Each structure stands twice: as structure tokens, then as C-alpha cells.
>>> print(open('work10.txt').read())   # compact mmCIF, C-alpha atoms
# COMPACT_ATOMS: atom_id res chain seq x y z
CA MET T 561 -0.21 -22.91 17.85
CA LYS T 562 -3.11 -23.68 15.56
CA LEU T 563 -4.85 -20.83 13.76
CA GLU T 564 -7.96 -20.81 11.64
CA VAL T 565 -7.09 -18.51 8.73
CA ILE T 566 -9.97 -17.20 6.60
CA TYR T 567 -9.88 -15.36 3.29
CA PHE T 568 -12.58 -13.26 1.67
CA ALA T 569 -13.33 -11.69 -1.73
CA TRP T 570 -10.33 -11.42 -4.08
CA VAL T 571 -7.95 -12.61 -1.38
CA ARG T 572 -9.89 -15.89 -1.30
CA GLU T 573 -9.88 -16.06 -5.11
CA ARG T 574 -6.14 -15.42 -5.41
CA ILE T 575 -5.25 -17.97 -2.77
CA GLY T 576 -7.81 -20.44 -4.07
CA LEU T 577 -9.40 -21.49 -0.80
CA PRO T 578 -11.78 -19.92 1.72
CA ARG T 579 -10.14 -21.09 4.95
CA GLU T 580 -7.44 -23.33 6.34
CA LEU T 581 -6.09 -24.51 9.65
CA ILE T 582 -2.47 -23.45 10.06
CA GLU T 583 0.16 -24.59 12.53
CA THR T 584 2.41 -21.61 13.13
CA ARG T 585 4.89 -19.99 15.48
CA ALA T 586 4.23 -16.51 14.10
CA GLN T 587 4.23 -13.89 16.87
CA THR T 588 2.34 -11.20 14.97
CA VAL T 589 0.01 -10.89 11.99
CA ALA T 590 2.96 -9.55 9.97
CA ASP T 591 4.99 -12.69 10.83
CA LEU T 592 2.08 -14.84 9.67
CA VAL T 593 1.88 -12.90 6.40
CA THR T 594 5.61 -13.43 5.82
CA GLU T 595 5.16 -17.13 6.47
CA LEU T 596 2.21 -17.39 4.09
CA ARG T 597 3.92 -15.39 1.33
CA ALA T 598 6.84 -17.83 1.36
CA ARG T 599 4.50 -20.73 0.55
CA ASP T 600 3.93 -20.08 -3.14
CA GLU T 601 3.20 -17.47 -5.77
CA SER T 602 -0.55 -17.27 -5.18
CA TYR T 603 -0.05 -16.35 -1.50
CA ASP T 604 2.77 -14.00 -2.43
CA LEU T 605 0.51 -12.22 -4.91
CA ALA T 606 -2.46 -12.06 -2.53
CA PHE T 607 -0.35 -10.36 0.16
CA ALA T 608 1.79 -8.22 -2.18
CA ASP T 609 0.17 -4.94 -1.14
CA LEU T 610 -0.72 -4.84 2.55
CA ALA T 611 -2.16 -1.32 2.19
CA SER T 612 -5.01 -2.85 0.19
CA LEU T 613 -5.72 -5.49 2.85
CA ARG T 614 -7.48 -5.54 6.17
CA VAL T 615 -7.21 -8.09 8.96
CA ALA T 616 -9.61 -9.26 11.66
CA LEU T 617 -8.50 -11.11 14.80
CA ASP T 618 -11.25 -13.25 16.30
CA GLN T 619 -13.76 -11.25 14.26
CA GLU T 620 -12.56 -7.80 15.40
CA LEU T 621 -10.67 -5.48 13.04
CA GLY T 622 -7.00 -5.45 13.91
CA SER T 623 -3.65 -4.33 12.58
CA PHE T 624 -0.73 -6.11 10.94
CA ASP T 625 1.54 -5.50 13.92
CA ALA T 626 -0.96 -7.05 16.36
CA PRO T 627 0.28 -10.03 18.42
CA LEU T 628 -1.29 -13.43 17.75
CA ALA T 629 -1.04 -14.73 21.32
CA GLY T 630 -4.44 -16.14 22.33
CA VAL T 631 -5.96 -15.54 18.89
CA ARG T 632 -7.85 -18.43 17.29
CA GLU T 633 -9.17 -16.97 14.06
CA VAL T 634 -7.45 -14.58 11.63
CA ALA T 635 -9.23 -13.25 8.54
CA PHE T 636 -7.71 -11.38 5.61
CA PHE T 637 -9.82 -9.35 3.19
CA PRO T 638 -9.91 -6.20 1.04
CA PRO T 639 -11.51 -2.97 2.35
CA MET T 640 -15.17 -3.66 3.02
CA THR T 641 -17.93 -2.54 0.66
CA GLY T 642 -21.16 -2.86 2.58
CA GLY T 643 -24.25 -0.70 2.51
CA MET H 1210 -32.61 -3.14 18.17
CA GLN H 1211 -32.39 -5.77 15.51
CA VAL H 1212 -29.80 -6.93 12.96
CA VAL H 1213 -30.95 -9.18 10.14
CA VAL H 1214 -28.40 -10.64 7.72
CA GLN H 1215 -30.08 -12.81 5.12
CA ALA H 1216 -29.80 -14.16 1.58
CA LYS H 1217 -33.45 -13.88 0.72
CA ALA H 1218 -35.09 -10.78 -0.71
CA PHE H 1219 -37.08 -8.52 1.59
CA ASP H 1220 -39.94 -6.08 1.14
CA ALA H 1221 -38.53 -2.73 2.29
CA GLY H 1222 -42.00 -1.19 2.65
CA ALA H 1223 -43.32 -4.03 4.77
CA ALA H 1224 -40.15 -4.04 6.89
CA LEU H 1225 -40.49 -0.31 7.49
CA ASN H 1226 -44.17 -0.54 8.40
CA GLY H 1227 -43.45 -3.43 10.77
CA PHE H 1228 -40.66 -1.46 12.41
CA ALA H 1229 -42.74 1.73 12.75
CA ALA H 1230 -45.59 -0.25 14.31
CA GLY H 1231 -43.36 -1.33 17.19
CA VAL H 1232 -41.76 1.94 18.28
CA ALA H 1233 -44.06 3.24 20.99
CA GLY H 1234 -43.07 6.71 22.17
CA ALA H 1235 -41.21 7.63 18.99
CA GLY H 1236 -42.10 10.77 17.05
CA ALA H 1237 -39.83 10.11 14.08
CA VAL H 1238 -38.73 7.20 11.91
CA VAL H 1239 -35.95 7.71 9.36
CA SER H 1240 -35.10 4.96 6.93
CA PHE H 1241 -32.67 4.36 4.09
CA THR H 1242 -32.92 1.58 1.51
CA GLY H 1243 -29.93 0.74 -0.69
CA LEU H 1244 -30.69 -0.72 -4.14
CA VAL H 1245 -28.51 -2.63 -6.60
CA ARG H 1246 -27.56 -0.18 -9.38
CA ASP H 1247 -28.02 -1.86 -12.75
CA ASN H 1248 -25.34 0.31 -14.44
CA GLY H 1249 -27.59 1.24 -17.34
CA GLY H 1250 -28.70 -2.35 -17.92
CA ARG H 1251 -25.15 -3.71 -18.05
CA LEU H 1252 -25.27 -5.42 -14.65
CA ALA H 1253 -26.23 -9.08 -14.88
CA ALA H 1254 -26.14 -9.61 -11.12
CA MET H 1255 -24.41 -8.58 -7.94
CA GLU H 1256 -22.85 -11.10 -5.59
CA ILE H 1257 -22.33 -10.13 -1.97
CA GLU H 1258 -20.01 -12.09 0.27
CA HIS H 1259 -19.83 -11.57 4.03
CA TYR H 1260 -18.12 -12.83 7.16
CA PRO H 1261 -20.79 -14.75 9.13
CA GLY H 1262 -20.42 -14.03 12.82
CA MET H 1263 -18.31 -10.90 12.46
CA THR H 1264 -20.99 -9.22 10.32
CA GLU H 1265 -23.66 -9.46 13.00
CA LYS H 1266 -21.26 -8.44 15.77
CA ALA H 1267 -19.89 -5.46 13.82
CA ILE H 1268 -23.36 -4.13 13.02
CA ALA H 1269 -24.60 -4.66 16.60
CA SER H 1270 -21.59 -2.70 17.84
CA MET H 1271 -22.38 0.19 15.44
CA MET H 1272 -25.94 0.23 16.74
CA ASP H 1273 -24.69 0.32 20.34
CA GLN H 1274 -22.49 3.29 19.45
CA ALA H 1275 -25.42 5.04 17.76
CA ALA H 1276 -27.64 4.40 20.79
CA ALA H 1277 -24.95 5.87 23.07
CA ARG H 1278 -24.73 9.07 21.01
CA TRP H 1279 -28.34 9.78 20.12
CA ALA H 1280 -31.64 9.33 21.95
CA LEU H 1281 -33.03 6.38 20.00
CA VAL H 1282 -36.20 4.45 20.63
CA ASP H 1283 -35.21 1.60 18.31
CA ALA H 1284 -33.12 0.71 15.26
CA LEU H 1285 -33.19 -1.94 12.57
CA VAL H 1286 -30.59 -3.02 10.01
CA ILE H 1287 -31.37 -5.56 7.28
CA HIS H 1288 -28.52 -6.53 4.94
CA ARG H 1289 -28.54 -9.18 2.25
CA PHE H 1290 -25.78 -11.40 0.91
CA GLY H 1291 -25.62 -13.82 -2.02
CA ARG H 1292 -26.82 -13.14 -5.54
CA LEU H 1293 -28.95 -10.05 -6.23
CA ALA H 1294 -30.46 -8.62 -9.42
CA GLY H 1295 -30.39 -4.95 -10.49
CA GLY H 1296 -33.00 -2.85 -8.68
CA GLU H 1297 -33.38 -5.20 -5.72
CA PRO H 1298 -32.99 -3.82 -2.20
CA ILE H 1299 -29.55 -4.70 -0.79
CA MET H 1300 -30.02 -3.30 2.68
CA MET H 1301 -32.11 -1.09 4.86
CA VAL H 1302 -31.54 1.02 7.94
CA ALA H 1303 -34.44 2.30 10.02
CA VAL H 1304 -34.07 4.42 13.14
CA ALA H 1305 -36.78 5.66 15.48
CA SER H 1306 -36.41 8.52 17.94
CA LYS H 1307 -38.54 11.00 19.81
CA HIS H 1308 -37.44 13.91 17.60
CA ARG H 1309 -36.25 13.75 14.00
CA ALA H 1310 -32.71 15.11 14.35
CA ASP H 1311 -31.56 12.08 16.35
CA ALA H 1312 -33.04 9.64 13.84
CA PHE H 1313 -31.56 11.44 10.81
CA GLN H 1314 -28.10 11.58 12.34
CA ALA H 1315 -28.09 8.05 13.68
CA ALA H 1316 -29.26 6.72 10.29
CA GLU H 1317 -26.42 8.55 8.52
CA PHE H 1318 -23.92 7.36 11.10
CA LEU H 1319 -25.07 3.75 10.65
CA MET H 1320 -24.91 4.04 6.85
CA ASP H 1321 -21.41 5.50 6.93
CA TYR H 1322 -20.19 2.70 9.21
CA LEU H 1323 -22.00 -0.05 7.28
CA LYS H 1324 -20.23 1.09 4.10
CA SER H 1325 -16.73 0.51 5.33
CA ARG H 1326 -16.83 -1.31 8.69
CA ALA H 1327 -19.30 -4.13 8.12
CA PRO H 1328 -17.57 -7.13 6.51
CA PHE H 1329 -19.39 -7.29 3.17
CA TRP H 1330 -17.79 -7.42 -0.25
CA LYS H 1331 -19.66 -6.72 -3.47
CA LYS H 1332 -18.89 -8.23 -6.83
CA GLU H 1333 -20.54 -6.99 -10.02
CA LEU H 1334 -21.20 -9.46 -12.80
CA GLY H 1335 -21.51 -7.82 -16.21
CA PRO H 1336 -20.84 -8.39 -19.89
CA ASP H 1337 -17.08 -8.06 -19.34
CA GLY H 1338 -16.98 -10.58 -16.51
CA ALA H 1339 -16.87 -10.17 -12.75
CA THR H 1340 -15.36 -7.23 -10.88
CA TRP H 1341 -14.97 -6.71 -7.14
CA VAL H 1342 -16.33 -3.31 -6.20
CA ALA H 1343 -13.47 -1.19 -4.86
CA ALA H 1344 -13.91 0.73 -1.61
CA ARG H 1345 -14.09 4.46 -2.23
CA ASP H 1346 -11.88 6.95 -0.43
CA GLU H 1347 -14.95 9.11 0.22
CA ASP H 1348 -16.50 6.29 2.24
CA GLU H 1349 -13.46 6.16 4.50
CA THR H 1350 -13.36 9.97 4.78
CA ALA H 1351 -17.06 9.99 5.68
CA LEU H 1352 -16.24 8.32 9.01
CA GLU H 1353 -14.08 11.25 10.11
CA ARG H 1354 -17.08 13.51 10.68
CA TRP H 1355 -18.31 11.23 13.47
>>> encode(input="work10.txt", output="C-alpha cells")
Amino acid sequence: MKLEVIYFAWVRERIGLPRELIETRAQTVADLVTELRARDESYDLAFADLASLRVALDQELGSFDAPLAGVREVAFFPPMTGG
Amino acid sequence: MQVVVQAKAFDAGAALNGFAAGVAGAGAVVSFTGLVRDNGGRLAAMEIEHYPGMTEKAIASMMDQAAARWALVDALVIHRFGRLAGGEPIMMVAVASKHRADAFQAAEFLMDYLKSRAPFWKKELGPDGATWVAARDEDETALERW
């Protein structure tokens, strides 16, 4: 399936791009992370500490064990600092 | 209820007056304005990034939750993104209700949720370069009281 993957804040800076279209067979967010980390060192570094990352599935906060079936957009970012 | 996410500066006083003028039946308006701290003159600028689409939905959902818990007449959230200078307003929450307790509580609830559940990320630019502002544990803990 095709997924739009979006990165924000230091995740975007470490990976070096704001978004990309990915063809994947990952079943869960965690599978997708494993796949991305295997790409190269910048991805590996960006996803080194999952406790410091958050994920949104189709613009709703989700968890790393969430299934990707039916999802079109996945975003990775650090804890939010609004207000 | 209105959510405004914009890059341009806003006049918090004018926004508050405009809001208060349109809340027929309300007996109380509570507002909060967040300003960019200049860190004793060391801040050159603040850059705020956000997730267009999710930002508006997340804030609208917080307002729906607030409206379900307290008797609100109306609510307004304005939040900026992009480059801001020290002292400029970053965001504003205004809540109107018949009696003040509802407006005070709903405003605090919205502020607590905006801090750690609205997809914004702040970066401070100073003499030593750029630093992403880290989320504080207290902000996460603050949600537990709701």
C-alpha cells in the first residue's frame, strides 16, 4: 500500500525531508518504523528513541502498535509544544 | 466557536473585544494570551511549526469537549505559526459563559490541552543557535486533573 509519511520538528530535520510517499507492506506503525530505520543512519537516528516520539494516523494521535490497514497518512513528531 | 490558525500577528485586545461583543447572554468572558518570552533579551526569534489540517481538527475537538463539560456560550482560540519576535502574542483563548466558574475552568482546560495535544512545535533562535523547545513533564501531568 501507499502511505504519505510526514515528519515534523527535529524528526524532519534529522531525516532531511518534510514528507514522502512510501510503498510498504508494514502491518503496524512499529513495522513501518523498523522499515524506515533500516534505510540509513539518518532514519535510524531519528527513530532511535520511540519514547520521545509521537505518531498521528490520518491526523489523529495514535500508538506505535496501531495497525496501518486503511490509513493514508502517518506523521511522526516530538511531543507537542503548543500554547 | 471559532479556531483561527494563522501566521500573521494579531491584536489580542481587539480580538477579545470582538469576541465579547458577540456573546449575547453571557455574564463572563475569561481570556488568556500567551506571549513569546524573550529570555532576557537573548531570544532573536521563535519559529513555530504546525501540522495543517490536524491542528484545526485537534483544537476543534478540544473545544467540543470543553462545551460538553461546561455551560459555554462561545469560545475562541487563535494560534500563530511561523516566525515570531519576543513579546509578540503567540496565541489566545477566550471563553464566554453565563457564570464565571465555567469560563475559568474551560479556559484552563483548553490551555492545558493546547500545550500538549495541539500539533505545534516551538523552536527558539538565540545567540547559540536554534533549539527545539522540549515538552515539559508538568504539561503532561496537567492533563490528569481533567
>>> residues_around(input="work10.txt", residues="T:Val615", least_positions_apart="2", cutoff="8 Å", atoms="all atoms listed in the file", output="VMD selection string")
chain T and resid 613 617 621 to 624 634 to 637
>>> residues_near_point(input="work10.txt", point="(-20.4, -5.1, -12.9)", cutoff="12 Å", atoms="all atoms listed in the file", output="ChimeraX atom specification")
/H:1245-1256,1293-1295,1331-1343
>>> write_last_selection(input="work10.txt", atoms="C-alpha atoms", output="mmCIF file, in the frame of the given file")
data_model
loop_
_atom_site.group_PDB
_atom_site.id
_atom_site.type_symbol
_atom_site.label_atom_id
_atom_site.label_comp_id
_atom_site.auth_asym_id
_atom_site.auth_seq_id
_atom_site.Cartn_x
_atom_site.Cartn_y
_atom_site.Cartn_z
ATOM 1 C CA VAL H 1245 -28.510 -2.630 -6.600
ATOM 2 C CA ARG H 1246 -27.560 -0.180 -9.380
ATOM 3 C CA ASP H 1247 -28.020 -1.860 -12.750
ATOM 4 C CA ASN H 1248 -25.340 0.310 -14.440
ATOM 5 C CA GLY H 1249 -27.590 1.240 -17.340
ATOM 6 C CA GLY H 1250 -28.700 -2.350 -17.920
ATOM 7 C CA ARG H 1251 -25.150 -3.710 -18.050
ATOM 8 C CA LEU H 1252 -25.270 -5.420 -14.650
ATOM 9 C CA ALA H 1253 -26.230 -9.080 -14.880
ATOM 10 C CA ALA H 1254 -26.140 -9.610 -11.120
ATOM 11 C CA MET H 1255 -24.410 -8.580 -7.940
ATOM 12 C CA GLU H 1256 -22.850 -11.100 -5.590
ATOM 13 C CA LEU H 1293 -28.950 -10.050 -6.230
ATOM 14 C CA ALA H 1294 -30.460 -8.620 -9.420
ATOM 15 C CA GLY H 1295 -30.390 -4.950 -10.490
ATOM 16 C CA LYS H 1331 -19.660 -6.720 -3.470
ATOM 17 C CA LYS H 1332 -18.890 -8.230 -6.830
ATOM 18 C CA GLU H 1333 -20.540 -6.990 -10.020
ATOM 19 C CA LEU H 1334 -21.200 -9.460 -12.800
ATOM 20 C CA GLY H 1335 -21.510 -7.820 -16.210
ATOM 21 C CA PRO H 1336 -20.840 -8.390 -19.890
ATOM 22 C CA ASP H 1337 -17.080 -8.060 -19.340
ATOM 23 C CA GLY H 1338 -16.980 -10.580 -16.510
ATOM 24 C CA ALA H 1339 -16.870 -10.170 -12.750
ATOM 25 C CA THR H 1340 -15.360 -7.230 -10.880
ATOM 26 C CA TRP H 1341 -14.970 -6.710 -7.140
ATOM 27 C CA VAL H 1342 -16.330 -3.310 -6.200
ATOM 28 C CA ALA H 1343 -13.470 -1.190 -4.860
#
>>> interface_residues(input="work10.txt", of="chain T", to="chain H", cutoff="7 Å", atoms="all atoms listed in the file", output="list in words")
Ala569, Gln619, Pro639, Met640, Thr641, Gly642 and Gly643 of chain T
>>> residues_around(input="work10.txt", residues="T:Ile575", least_positions_apart="2", cutoff="8 Å", atoms="all atoms listed in the file", output="ChimeraX atom specification")
/T:571-573,577,602-603,606
>>> atom_distance(input="work10.txt", atom1="atom CA of H:Val1238", atom2="atom CA of H:Val1304")
5.6 Å
>>> atom_distance(input="work10.txt", atom1="atom CA of H:Glu1265", atom2="atom CA of H:Val1213")
7.8 Å
>>> atom_distance(input="work10.txt", atom1="atom CA of H:Phe1318", atom2="atom CA of H:Thr1350")
12.6 Å
>>> decode(input="work10.txt", residues="stretch 1336-1351 of chain H", atoms="N, CA and C atoms", output="mmCIF file, in the first residue's frame")
data_model
loop_
_atom_site.group_PDB
_atom_site.id
_atom_site.type_symbol
_atom_site.label_atom_id
_atom_site.label_comp_id
_atom_site.auth_asym_id
_atom_site.auth_seq_id
_atom_site.Cartn_x
_atom_site.Cartn_y
_atom_site.Cartn_z
ATOM 1 N N PRO H 1336 21.488 33.419 20.501
ATOM 2 C CA PRO H 1336 22.898 33.629 20.151
ATOM 3 C C PRO H 1336 23.657 32.310 19.948
ATOM 4 N N ASP H 1337 23.176 31.236 20.620
ATOM 5 C CA ASP H 1337 23.888 29.960 20.500
ATOM 6 C C ASP H 1337 23.262 29.066 19.434
ATOM 7 N N GLY H 1338 22.429 29.618 18.597
ATOM 8 C CA GLY H 1338 21.823 28.818 17.534
ATOM 9 C C GLY H 1338 20.365 28.530 17.816
ATOM 10 N N ALA H 1339 19.859 27.479 17.192
ATOM 11 C CA ALA H 1339 18.435 27.157 17.289
ATOM 12 C C ALA H 1339 18.215 25.941 18.172
ATOM 13 N N THR H 1340 17.190 26.013 19.021
ATOM 14 C CA THR H 1340 16.876 24.895 19.917
ATOM 15 C C THR H 1340 15.381 24.609 19.884
ATOM 16 N N TRP H 1341 15.015 23.350 19.685
ATOM 17 C CA TRP H 1341 13.595 22.981 19.795
ATOM 18 C C TRP H 1341 13.212 23.012 21.262
ATOM 19 N N VAL H 1342 12.108 23.634 21.562
ATOM 20 C CA VAL H 1342 11.626 23.691 22.940
ATOM 21 C C VAL H 1342 11.140 22.291 23.320
ATOM 22 N N ALA H 1343 11.637 21.788 24.449
ATOM 23 C CA ALA H 1343 11.234 20.445 24.883
ATOM 24 C C ALA H 1343 9.908 20.519 25.624
ATOM 25 N N ALA H 1344 9.079 19.505 25.452
ATOM 26 C CA ALA H 1344 7.821 19.432 26.198
ATOM 27 C C ALA H 1344 8.167 19.222 27.672
ATOM 28 N N ARG H 1345 7.395 19.830 28.544
ATOM 29 C CA ARG H 1345 7.673 19.692 29.973
ATOM 30 C C ARG H 1345 6.771 18.624 30.581
ATOM 31 N N ASP H 1346 7.326 17.882 31.524
ATOM 32 C CA ASP H 1346 6.548 16.830 32.189
ATOM 33 C C ASP H 1346 5.302 17.413 32.866
ATOM 34 N N GLU H 1347 5.462 18.635 33.408
ATOM 35 C CA GLU H 1347 4.335 19.270 34.109
ATOM 36 C C GLU H 1347 3.152 19.467 33.164
ATOM 37 N N ASP H 1348 3.448 19.741 31.887
ATOM 38 C CA ASP H 1348 2.365 19.975 30.934
ATOM 39 C C ASP H 1348 1.572 18.694 30.684
ATOM 40 N N GLU H 1349 2.280 17.571 30.691
ATOM 41 C CA GLU H 1349 1.616 16.287 30.509
ATOM 42 C C GLU H 1349 0.800 15.951 31.766
ATOM 43 N N THR H 1350 1.419 16.186 32.937
ATOM 44 C CA THR H 1350 0.755 15.915 34.219
ATOM 45 C C THR H 1350 -0.501 16.767 34.377
ATOM 46 N N ALA H 1351 -0.450 17.996 33.824
ATOM 47 C CA ALA H 1351 -1.575 18.925 33.973
ATOM 48 C C ALA H 1351 -2.859 18.348 33.387
#
